[in-house]
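What follows is the content of protein-v3.cif (mmCIF, C-alpha atoms and all ligand atoms).
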```
data_model
loop_
_atom_site.label_atom_id
_atom_site.label_comp_id
_atom_site.auth_asym_id
_atom_site.auth_seq_id
_atom_site.Cartn_x
_atom_site.Cartn_y
_atom_site.Cartn_z
CA MET F 1116 8.75 51.98 38.22
CA THR F 1117 5.67 54.11 37.54
CA ASN F 1118 4.29 56.10 40.41
CA TRP F 1119 1.20 53.96 40.72
CA GLN F 1120 0.07 55.60 43.97
CA ASP F 1121 -0.31 58.94 42.16
CA ASP F 1122 -2.32 57.23 39.40
CA ALA F 1123 -4.50 55.57 42.03
CA SER F 1124 -5.22 58.80 43.90
CA ARG F 1125 -6.03 60.62 40.69
CA ASP F 1126 -8.22 57.98 39.05
CA LEU F 1127 -9.71 55.67 41.68
CA MET F 1128 -12.52 56.54 44.08
CA SER F 1129 -10.97 57.60 47.35
CA LEU F 1130 -11.93 54.65 49.55
CA GLY F 1131 -8.65 53.44 51.05
CA GLY F 1132 -6.73 50.23 50.48
CA ARG F 1133 -3.95 49.84 47.90
CA LEU F 1134 -1.16 48.51 50.07
CA ALA F 1135 0.88 47.37 47.08
CA LEU F 1136 0.60 47.06 43.30
CA LEU F 1137 0.27 43.32 42.82
CA THR F 1138 1.00 41.99 39.37
CA ARG F 1139 1.24 38.18 39.53
CA GLY F 1140 0.36 35.21 41.70
CA GLU F 1141 1.18 31.53 41.90
CA GLY F 1142 -0.07 29.18 44.60
CA SER F 1143 0.02 30.99 47.94
CA TRP F 1144 2.44 33.64 46.74
CA VAL F 1145 1.94 36.99 44.98
CA TRP F 1146 4.46 39.45 43.54
CA ASP F 1147 4.33 43.23 43.37
CA ALA F 1148 5.48 45.47 40.54
CA ASP F 1149 8.98 45.71 42.07
CA GLY F 1150 9.31 41.93 42.10
CA SER F 1151 8.90 41.59 45.89
CA ARG F 1152 7.25 38.33 46.92
CA TYR F 1153 4.52 37.99 49.56
CA LEU F 1154 3.04 34.92 51.18
CA ASP F 1155 -0.70 35.48 50.79
CA PHE F 1156 -2.46 34.27 53.95
CA LEU F 1157 -5.45 36.56 53.46
CA GLY F 1158 -6.37 34.91 50.15
CA GLY F 1159 -8.19 37.92 48.72
CA ILE F 1160 -10.29 37.98 51.94
CA ALA F 1161 -11.23 34.29 52.06
CA VAL F 1162 -11.68 34.05 48.29
CA ASN F 1163 -8.64 32.39 46.67
CA CYS F 1164 -9.31 28.95 48.11
CA LEU F 1165 -7.09 27.24 45.51
CA GLY F 1166 -4.41 29.91 45.72
CA HIS F 1167 -3.42 31.91 42.64
CA ALA F 1168 -3.34 30.67 39.04
CA HIS F 1169 -4.31 27.11 40.04
CA PRO F 1170 -4.36 24.93 36.88
CA VAL F 1171 -7.96 23.82 37.57
CA PHE F 1172 -9.08 27.47 37.73
CA VAL F 1173 -7.03 28.54 34.71
CA ASP F 1174 -8.29 25.64 32.61
CA ALA F 1175 -11.94 26.19 33.58
CA VAL F 1176 -11.82 29.93 32.75
CA SER F 1177 -9.94 29.42 29.48
CA THR F 1178 -11.97 26.48 28.21
CA GLN F 1179 -15.36 27.98 29.05
CA ALA F 1180 -14.39 31.43 27.73
CA ALA F 1181 -13.54 29.77 24.43
CA THR F 1182 -16.86 27.85 24.43
CA LEU F 1183 -19.70 30.04 25.75
CA ALA F 1184 -19.29 32.83 28.30
CA HIS F 1185 -22.64 34.53 28.65
CA VAL F 1186 -26.19 34.00 27.42
CA SER F 1187 -28.53 36.12 29.67
CA ASN F 1188 -31.11 34.73 32.03
CA TYR F 1189 -33.53 33.92 29.20
CA PHE F 1190 -31.51 30.74 28.73
CA ALA F 1191 -30.13 27.93 30.86
CA SER F 1192 -26.69 26.41 30.42
CA PRO F 1193 -25.41 22.93 31.32
CA GLY F 1194 -22.87 24.37 33.79
CA GLN F 1195 -25.56 26.34 35.61
CA LEU F 1196 -27.73 23.23 36.01
CA GLU F 1197 -24.74 21.21 37.16
CA LEU F 1198 -23.79 23.88 39.72
CA ALA F 1199 -27.32 24.16 41.13
CA ALA F 1200 -27.54 20.37 41.56
CA ARG F 1201 -24.07 20.30 43.11
CA LEU F 1202 -24.90 23.04 45.64
CA LYS F 1203 -28.13 21.27 46.61
CA ARG F 1204 -26.18 18.06 47.19
CA LEU F 1205 -23.39 19.73 49.19
CA ALA F 1206 -25.90 21.70 51.29
CA GLY F 1207 -28.07 18.62 51.79
CA THR F 1208 -31.29 20.37 50.76
CA GLY F 1209 -32.83 17.23 49.29
CA GLU F 1210 -35.22 17.45 46.37
CA GLN F 1211 -36.99 20.55 47.69
CA GLY F 1212 -33.97 22.86 47.61
CA ARG F 1213 -33.60 25.66 45.04
CA VAL F 1214 -30.59 27.74 43.95
CA PHE F 1215 -30.19 31.22 42.52
CA LEU F 1216 -26.74 32.33 41.37
CA THR F 1217 -25.54 35.90 41.97
CA ASN F 1218 -22.34 37.85 41.32
CA SER F 1219 -21.36 38.73 44.90
CA GLY F 1220 -22.11 38.19 48.56
CA ALA F 1221 -24.05 41.41 48.96
CA GLU F 1222 -26.29 40.45 46.05
CA ALA F 1223 -26.98 37.03 47.56
CA ASN F 1224 -27.87 38.76 50.85
CA GLU F 1225 -30.09 41.30 49.05
CA MET F 1226 -31.99 38.31 47.78
CA ALA F 1227 -32.13 36.92 51.32
CA ILE F 1228 -33.80 40.18 52.42
CA LYS F 1229 -36.31 39.80 49.58
CA LEU F 1230 -36.91 36.20 50.70
CA ALA F 1231 -37.64 37.50 54.22
CA ARG F 1232 -40.09 40.05 52.75
CA LEU F 1233 -41.88 37.45 50.60
CA HIS F 1234 -42.27 35.26 53.67
CA GLY F 1235 -43.19 37.99 56.19
CA ASN F 1236 -45.50 39.98 53.92
CA ARG F 1237 -47.94 37.08 53.78
CA SER F 1238 -48.74 37.77 57.44
CA GLY F 1239 -47.72 41.42 57.81
CA ARG F 1240 -44.42 40.71 59.58
CA THR F 1241 -41.49 42.94 58.64
CA THR F 1242 -38.92 42.63 61.45
CA ILE F 1243 -35.56 41.16 60.49
CA LEU F 1244 -33.22 40.15 63.31
CA VAL F 1245 -29.46 40.59 62.94
CA VAL F 1246 -26.64 40.04 65.41
CA GLU F 1247 -24.37 42.71 66.92
CA GLY F 1248 -21.09 42.88 65.02
CA ALA F 1249 -22.71 41.48 61.87
CA PHE F 1250 -21.44 42.27 58.39
CA HIS F 1251 -23.67 41.43 55.44
CA GLY F 1252 -22.43 43.75 52.67
CA ARG F 1253 -22.28 47.33 51.43
CA THR F 1254 -25.41 47.74 49.28
CA MET F 1255 -28.22 49.78 50.84
CA GLY F 1256 -30.23 46.70 51.86
CA THR F 1257 -27.32 44.72 53.27
CA LEU F 1258 -25.89 47.84 54.93
CA SER F 1259 -29.19 48.11 56.79
CA LEU F 1260 -28.44 44.65 58.23
CA THR F 1261 -24.96 45.76 59.30
CA PRO F 1262 -25.17 47.47 62.70
CA LYS F 1263 -21.66 49.01 62.55
CA PRO F 1264 -22.30 52.79 62.74
CA ALA F 1265 -19.20 53.75 60.73
CA TYR F 1266 -20.50 51.74 57.77
CA ARG F 1267 -24.17 52.63 58.09
CA ASP F 1268 -24.54 56.14 59.47
CA PRO F 1269 -23.43 58.13 56.39
CA PHE F 1270 -26.19 56.39 54.41
CA GLN F 1271 -29.20 56.82 56.69
CA PRO F 1272 -32.09 56.29 56.44
CA ALA F 1273 -31.62 52.51 56.41
CA LEU F 1274 -34.32 49.89 55.79
CA PRO F 1275 -36.86 49.98 58.64
CA GLY F 1276 -37.65 46.99 60.86
CA ILE F 1277 -34.10 45.75 61.46
CA ARG F 1278 -33.55 44.70 65.10
CA THR F 1279 -30.11 43.91 66.52
CA VAL F 1280 -29.68 40.97 68.89
CA GLU F 1281 -26.71 40.73 71.26
CA ARG F 1282 -24.49 37.68 71.07
CA SER F 1283 -26.28 35.87 73.90
CA ILE F 1284 -29.04 33.29 74.14
CA GLU F 1285 -31.03 35.58 76.52
CA SER F 1286 -30.98 38.43 74.01
CA LEU F 1287 -31.94 36.02 71.23
CA GLU F 1288 -34.91 34.72 73.21
CA ALA F 1289 -36.05 38.25 74.08
CA ALA F 1290 -35.87 39.41 70.45
CA PHE F 1291 -38.14 36.81 68.86
CA ASP F 1292 -41.80 37.81 68.71
CA ASP F 1293 -44.59 37.53 66.17
CA THR F 1294 -43.41 40.54 64.16
CA VAL F 1295 -40.26 38.67 63.13
CA ALA F 1296 -40.13 37.58 59.48
CA ALA F 1297 -36.56 36.29 59.53
CA MET F 1298 -33.24 36.20 61.29
CA ILE F 1299 -30.09 36.63 59.20
CA VAL F 1300 -26.89 35.52 60.92
CA GLU F 1301 -23.27 34.60 60.17
CA PRO F 1302 -22.23 31.30 61.84
CA ILE F 1303 -18.83 32.94 62.50
CA GLN F 1304 -18.53 36.73 62.17
CA GLY F 1305 -15.55 37.20 59.88
CA GLU F 1306 -15.45 40.98 59.54
CA ALA F 1307 -16.09 41.48 63.28
CA GLY F 1308 -12.77 39.69 63.91
CA VAL F 1309 -13.63 36.00 63.40
CA VAL F 1310 -16.04 36.08 66.34
CA GLU F 1311 -17.76 32.81 67.25
CA LEU F 1312 -21.36 32.75 68.45
CA PRO F 1313 -22.02 31.44 71.97
CA GLY F 1314 -22.51 27.65 72.15
CA GLY F 1315 -26.08 26.65 71.33
CA PHE F 1316 -26.92 30.03 69.73
CA LEU F 1317 -27.73 28.65 66.28
CA THR F 1318 -29.67 25.70 67.70
CA ARG F 1319 -31.81 28.05 69.79
CA ALA F 1320 -32.23 30.43 66.83
CA ARG F 1321 -33.45 27.47 64.77
CA GLN F 1322 -36.01 26.49 67.43
CA LEU F 1323 -37.23 30.06 67.93
CA ALA F 1324 -37.52 30.74 64.20
CA THR F 1325 -39.56 27.57 63.75
CA ASP F 1326 -41.79 28.38 66.75
CA HIS F 1327 -42.47 31.90 65.41
CA ASP F 1328 -42.87 30.85 61.76
CA ALA F 1329 -39.84 33.00 60.89
CA LEU F 1330 -37.05 32.09 58.48
CA LEU F 1331 -33.54 31.32 59.69
CA ILE F 1332 -31.17 32.57 56.99
CA LEU F 1333 -27.43 31.97 57.32
CA ASP F 1334 -24.92 34.30 55.72
CA GLU F 1335 -22.15 31.86 54.81
CA VAL F 1336 -20.50 34.20 52.31
CA GLN F 1337 -17.26 33.92 54.30
CA THR F 1338 -17.71 30.58 56.13
CA GLY F 1339 -19.20 28.56 53.26
CA SER F 1340 -17.69 26.64 50.32
CA GLY F 1341 -15.49 24.60 52.67
CA ARG F 1342 -13.71 27.42 54.50
CA THR F 1343 -14.41 25.97 57.97
CA GLY F 1344 -13.55 22.40 56.96
CA GLU F 1345 -17.24 21.61 56.35
CA TRP F 1346 -18.94 22.58 53.11
CA PHE F 1347 -21.16 24.86 55.22
CA ALA F 1348 -20.56 25.95 58.81
CA PHE F 1349 -24.17 25.08 59.68
CA GLN F 1350 -23.30 21.44 59.09
CA GLY F 1351 -20.82 21.68 61.96
CA ALA F 1352 -23.51 23.31 64.13
CA GLY F 1353 -25.95 20.48 63.41
CA ILE F 1354 -28.87 22.62 62.24
CA VAL F 1355 -30.70 23.11 58.95
CA PRO F 1356 -31.48 26.71 57.90
CA ASP F 1357 -34.30 27.90 55.61
CA ALA F 1358 -31.76 29.57 53.34
CA VAL F 1359 -28.02 30.12 53.09
CA THR F 1360 -25.95 32.60 51.10
CA LEU F 1361 -22.52 32.00 49.57
CA ALA F 1362 -19.87 33.95 47.65
CA LYS F 1363 -16.14 34.50 48.34
CA SER F 1364 -14.45 31.04 48.00
CA ILE F 1365 -17.13 29.51 45.74
CA GLY F 1366 -15.43 30.87 42.61
CA ALA F 1367 -11.83 30.86 43.91
CA GLY F 1368 -11.40 34.38 42.50
CA PHE F 1369 -14.15 34.45 39.89
CA PRO F 1370 -17.02 36.71 41.05
CA LEU F 1371 -19.95 34.49 41.97
CA GLY F 1372 -22.44 34.02 44.79
CA ALA F 1373 -25.53 31.99 45.54
CA LEU F 1374 -28.72 31.82 47.56
CA ILE F 1375 -29.78 28.27 48.42
CA THR F 1376 -33.23 27.65 49.89
CA PHE F 1377 -34.48 24.65 51.84
CA GLY F 1378 -37.98 23.19 52.18
CA ALA F 1379 -40.96 25.53 51.98
CA ALA F 1380 -38.73 28.62 51.60
CA SER F 1381 -38.01 27.27 48.09
CA GLU F 1382 -41.59 28.15 47.05
CA LEU F 1383 -41.40 31.89 47.92
CA PHE F 1384 -39.83 33.38 44.80
CA TYR F 1385 -41.95 33.10 41.65
CA PRO F 1386 -41.44 34.31 38.06
CA GLY F 1387 -40.90 38.06 37.85
CA THR F 1388 -39.78 38.55 41.48
CA HIS F 1389 -36.01 38.45 40.90
CA ASN F 1390 -33.29 38.21 38.29
CA SER F 1391 -29.76 39.21 37.36
CA THR F 1392 -28.11 39.79 33.99
CA PHE F 1393 -24.77 38.21 34.84
CA GLY F 1394 -25.77 35.90 37.70
CA GLY F 1395 -24.78 32.29 37.09
CA ASN F 1396 -23.63 32.81 33.54
CA PRO F 1397 -21.89 29.86 31.83
CA LEU F 1398 -18.40 31.21 32.56
CA ALA F 1399 -18.98 31.75 36.30
CA SER F 1400 -20.82 28.43 36.61
CA ALA F 1401 -18.06 26.48 34.87
CA VAL F 1402 -15.44 27.93 37.19
CA ALA F 1403 -17.45 27.15 40.34
CA ASN F 1404 -18.08 23.57 39.16
CA ALA F 1405 -14.38 23.08 38.53
CA VAL F 1406 -13.37 24.64 41.87
CA LEU F 1407 -15.90 22.76 44.01
CA GLY F 1408 -15.26 19.56 42.06
CA HIS F 1409 -11.54 19.85 42.71
CA ILE F 1410 -12.06 20.53 46.44
CA GLU F 1411 -14.07 17.30 46.55
CA ASP F 1412 -11.79 15.15 44.37
CA ALA F 1413 -8.59 16.24 46.12
CA GLN F 1414 -10.28 15.93 49.54
CA LEU F 1415 -9.10 19.42 50.41
CA LEU F 1416 -11.51 19.78 53.33
CA ASP F 1417 -9.35 17.30 55.27
CA ASN F 1418 -6.41 19.61 54.64
CA VAL F 1419 -8.46 22.64 55.71
CA LYS F 1420 -9.23 21.00 59.06
CA ALA F 1421 -5.72 19.66 59.70
CA ARG F 1422 -3.80 22.78 58.66
CA GLY F 1423 -6.21 25.02 60.54
CA ALA F 1424 -5.73 23.07 63.77
CA ALA F 1425 -1.93 22.97 63.35
CA ILE F 1426 -1.70 26.70 62.66
CA ARG F 1427 -3.85 27.58 65.68
CA GLU F 1428 -1.79 25.39 67.98
CA ALA F 1429 1.51 26.88 66.76
CA VAL F 1430 0.28 30.48 66.75
CA ALA F 1431 -0.98 30.22 70.34
CA ALA F 1432 2.66 29.93 71.51
CA LEU F 1433 3.85 33.11 69.75
CA PRO F 1434 4.52 36.44 71.46
CA LEU F 1435 1.59 38.90 71.77
CA VAL F 1436 -1.00 36.18 71.05
CA ALA F 1437 -3.87 35.99 73.57
CA ALA F 1438 -6.18 33.48 71.87
CA THR F 1439 -7.34 32.14 68.52
CA SER F 1440 -10.86 31.76 67.13
CA GLY F 1441 -12.67 30.47 64.06
CA ALA F 1442 -12.82 27.10 62.32
CA GLY F 1443 -10.82 25.41 59.59
CA LEU F 1444 -8.87 28.02 57.64
CA LEU F 1445 -10.83 31.03 58.86
CA ILE F 1446 -8.74 32.03 61.85
CA GLY F 1447 -8.79 35.04 64.14
CA ILE F 1448 -5.67 35.68 66.19
CA ARG F 1449 -6.47 37.90 69.17
CA LEU F 1450 -3.54 39.92 70.46
CA THR F 1451 -2.79 40.93 74.05
CA ALA F 1452 -2.81 44.63 73.04
CA PRO F 1453 -4.61 46.73 70.41
CA VAL F 1454 -1.69 46.56 67.98
CA ALA F 1455 -3.20 44.58 65.10
CA ALA F 1456 -2.57 47.42 62.63
CA GLN F 1457 1.13 47.48 63.56
CA VAL F 1458 1.39 43.69 63.32
CA ARG F 1459 -0.29 43.72 59.90
CA ALA F 1460 2.17 46.37 58.67
CA ALA F 1461 5.18 44.56 60.17
CA ALA F 1462 4.04 41.35 58.46
CA HIS F 1463 3.62 43.18 55.14
CA ASP F 1464 7.16 44.61 55.44
CA ARG F 1465 8.43 41.05 55.87
CA GLY F 1466 6.49 39.69 52.88
CA LEU F 1467 3.39 38.28 54.60
CA ILE F 1468 -0.19 39.32 53.81
CA VAL F 1469 -2.72 39.11 56.66
CA ASN F 1470 -5.33 41.64 57.76
CA ALA F 1471 -6.53 43.41 60.89
CA PRO F 1472 -10.36 43.46 61.00
CA THR F 1473 -10.27 45.05 64.48
CA ASP F 1474 -7.74 46.81 66.74
CA ASP F 1475 -6.64 43.59 68.38
CA VAL F 1476 -7.38 40.81 65.87
CA ILE F 1477 -5.35 39.51 62.95
CA ARG F 1478 -7.35 37.42 60.47
CA ILE F 1479 -5.95 34.76 58.17
CA ALA F 1480 -7.88 32.90 55.47
CA PRO F 1481 -5.26 31.11 53.35
CA ALA F 1482 -5.79 28.73 50.44
CA TYR F 1483 -7.15 25.23 51.14
CA THR F 1484 -4.10 23.89 49.30
CA ILE F 1485 -1.44 25.06 51.79
CA GLY F 1486 1.17 22.49 52.79
CA ASP F 1487 4.18 22.27 55.11
CA ALA F 1488 6.19 24.88 53.19
CA GLU F 1489 3.47 27.54 53.41
CA VAL F 1490 2.71 26.85 57.08
CA THR F 1491 6.41 26.95 58.06
CA GLU F 1492 7.03 30.18 56.18
CA PHE F 1493 3.88 31.74 57.64
CA LEU F 1494 4.87 30.90 61.21
CA SER F 1495 8.37 32.24 60.76
CA LEU F 1496 7.28 35.53 59.13
CA PHE F 1497 4.41 36.02 61.56
CA GLU F 1498 6.63 35.37 64.58
CA ALA F 1499 9.15 37.92 63.27
CA ALA F 1500 6.37 40.50 62.83
CA LEU F 1501 4.94 39.84 66.30
CA THR F 1502 8.40 39.99 67.90
CA ALA F 1503 9.17 43.32 66.22
CA VAL F 1504 5.90 44.83 67.45
CA ALA F 1505 6.19 43.23 70.93
CA GLU F 1506 9.52 44.99 71.41
CA SER F 1507 7.81 48.34 70.94
CA VAL F 1508 4.75 47.53 73.12
CA PRO F 1509 5.19 48.30 76.83
CA THR F 1510 4.39 45.30 79.03
CA ALA F 1511 1.72 45.54 81.73
CA SER F 1512 4.41 45.80 84.44
CA GLU F 1513 6.15 48.64 82.57
CA ILE F 1514 2.83 50.49 82.26
CA HIS F 1515 2.17 50.10 86.00
CA ALA F 1516 5.74 50.94 87.02
C1 LIG F 1601 -17.70 39.59 52.33
C2 LIG F 1601 -19.00 39.36 52.99
C3 LIG F 1601 -20.19 39.88 52.46
C4 LIG F 1601 -20.21 40.77 51.24
O1 LIG F 1601 -19.81 40.08 50.10
P1 LIG F 1601 -19.42 40.93 48.80
O2 LIG F 1601 -19.08 39.88 47.78
O3 LIG F 1601 -18.26 41.80 49.18
O4 LIG F 1601 -20.60 41.73 48.41
C5 LIG F 1601 -21.37 39.56 53.08
N1 LIG F 1601 -21.40 38.79 54.18
C6 LIG F 1601 -20.27 38.28 54.74
C7 LIG F 1601 -20.37 37.41 55.94
C8 LIG F 1601 -19.03 38.55 54.16
O5 LIG F 1601 -17.92 38.06 54.70
#
```

Could the structure of this file be written out as structure tokens, please?
Amino acid sequence: MTNWQDDASRDLMSLGGRLALLTRGEGSWVWDADGSRYLDFLGGIAVNCLGHAHPVFVDAVSTQAATLAHVSNYFASPGQLELAARLKRLAGTGEQGRVFLTNSGAEANEMAIKLARLHGNRSGRTTILVVEGAFHGRTMGTLSLTPKPAYRDPFQPALPGIRTVERSIESLEAAFDDTVAAMIVEPIQGEAGVVELPGGFLTRARQLATDHDALLILDEVQTGSGRTGEWFAFQGAGIVPDAVTLAKSIGAGFPLGALITFGAASELFYPGTHNSTFGGNPLASAVANAVLGHIEDAQLLDNVKARGAAIREAVAALPLVAATSGAGLLIGIRLTAPVAAQVRAAAHDRGLIVNAPTDDVIRIAPAYTIGDAEVTEFLSLFEAALTAVAESVPTASEIHA
């Protein structure tokens, strides 16, 4: 075969990645250029919620591409209107909700920052609260919301006025004051290693934001669109935010994101304050309508909940596994030693795709369509990978001997 790694190093920006040259996918499986098959339990990082080449996705892309793909934001399209109404219904915004469609998660979060500015600037408040471990994207604005030094430091100076809250109710309560325009928070921190917030954190954040006339904005780029078994993770937490952002699974592989506002926050943007050339074009909108419509019709959220619970129970009994975290089919598997990179590589060698967001966490985010065959194959490949790495990891008693 061609030496694709040489081509990649010569022609692509040197930013890492490129574990294999993938050429084809079907359901939960992908194939590389040598014909090796992998079970894809990362799902394009929580994106391919219907797996690969799902007929609903293929038909929506093909049909809409042959009908009307793009028209610019001077015009509306039926699919865009249908998608906005659908998102309002799924999010439960009621009549007052509004939707803006973007092309990515970072773009939706950029708009969330602008929403915070529109709100705060009316009373001179510019502080935006974020949570330790947060990830909100790689553009300059969203990077400013991302406390991780390795991501942010090369690009200083960041946006001013960003304050980081620890993952505790006490820290949350101490951080809110009358300079705060908004808090932006992930209900479950995917990139940090599928880290859950302490119980009651979002409820308290909701109360404090309301008391201080600040916006509570949820970044559901990774947790939204059904990933946790609810359409939005906030629905499981029993709160209503002022705005929520989406991307990743909403297009099942087609680039698309959204900002959805609730109540009075829907009145903040006005003509001239935002736009996007591609955002919510007829092609992207048609795909998202087909994907979300299929998730509803096929009642896939029941499968997300059931398969997620079954996987977590089975994984907890495997070697090297300390604990699991997450909700639905966004699962963090915490290991007893910082060997997640080795486990990821051992899984890859055996034909299983997962990732290692931290030293000791493996993340899986498989398709909502997985059944018995996928779960059984996952458990067997993952156990083999864990066993291989466990044999090379000294046990605590060996270390202390
Ligand atoms: C992936 C992700 C983003 C960034 O989305 P992009 O589409 O890569 O710009 C933002 N927030 C969260 C929580 C994410 O998981």

- Task: With all atoms listed in the file counted, collect every polymer residue having an atom within 7 Å of ligand LIG 1601 (chain F); state the result as a count of residues only.
- Result: 19

- Query: What's the 7 Å shell around His1185 of chain F, counting all atoms listed in the file, without same-chain residues fewer than 2 positions away, as a PyMOL selection string?
  - Reply: chain F and resi 1183+1187+1396-1398

For Arg1267 of chain F: contacts at 12 Å, all atoms listed in the file, fewer than 3 positions along chain excluded, given as a PDB file with C-alpha atoms, in the frame of the given file:
```pdb
ATOM      1  CA  ALA F1249     -22.710  41.480  61.870  1.00  0.00           C
ATOM      2  CA  PHE F1250     -21.440  42.270  58.390  1.00  0.00           C
ATOM      3  CA  HIS F1251     -23.670  41.430  55.440  1.00  0.00           C
ATOM      4  CA  GLY F1252     -22.430  43.750  52.670  1.00  0.00           C
ATOM      5  CA  ARG F1253     -22.280  47.330  51.430  1.00  0.00           C
ATOM      6  CA  THR F1254     -25.410  47.740  49.280  1.00  0.00           C
ATOM      7  CA  MET F1255     -28.220  49.780  50.840  1.00  0.00           C
ATOM      8  CA  GLY F1256     -30.230  46.700  51.860  1.00  0.00           C
ATOM      9  CA  THR F1257     -27.320  44.720  53.270  1.00  0.00           C
ATOM     10  CA  LEU F1258     -25.890  47.840  54.930  1.00  0.00           C
ATOM     11  CA  SER F1259     -29.190  48.110  56.790  1.00  0.00           C
ATOM     12  CA  LEU F1260     -28.440  44.650  58.230  1.00  0.00           C
ATOM     13  CA  THR F1261     -24.960  45.760  59.300  1.00  0.00           C
ATOM     14  CA  PRO F1262     -25.170  47.470  62.700  1.00  0.00           C
ATOM     15  CA  LYS F1263     -21.660  49.010  62.550  1.00  0.00           C
ATOM     16  CA  PRO F1264     -22.300  52.790  62.740  1.00  0.00           C
ATOM     17  CA  PHE F1270     -26.190  56.390  54.410  1.00  0.00           C
ATOM     18  CA  GLN F1271     -29.200  56.820  56.690  1.00  0.00           C
ATOM     19  CA  PRO F1272     -32.090  56.290  56.440  1.00  0.00           C
ATOM     20  CA  ALA F1273     -31.620  52.510  56.410  1.00  0.00           C
ATOM     21  CA  LEU F1274     -34.320  49.890  55.790  1.00  0.00           C
TER      22      LEU F1274
END
```

- Query: Which is closer to Asn1390 of chain F than all the others in F:Lys1203, F:Gly1150, F:His1167, F:Glu1225, using all atoms listed in the file?
  - Reply: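 Checking each candidate against Asn1390 of chain F, we get F:Glu1225 as the closest.
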
So that all listed atoms of segment 1420-1427 of chain F fit with 4 Å spare on each side, what axis-aligned box centre and edge lengths in Å, to one decimal, would you give as JSON?
```
{"center_x": -5.5, "center_y": 23.6, "center_z": 62.2, "size_x": 15.5, "size_y": 15.9, "size_z": 15.0}
```

- Query: What does the distance between atom CA of His1389 of chain F and atom CA of Lys1229 of chain F come to in Å, to one decimal place?
  - Reply: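 Going from atom CA of His1389 of chain F over to atom CA of Lys1229 of chain F covers 8.8 Å.
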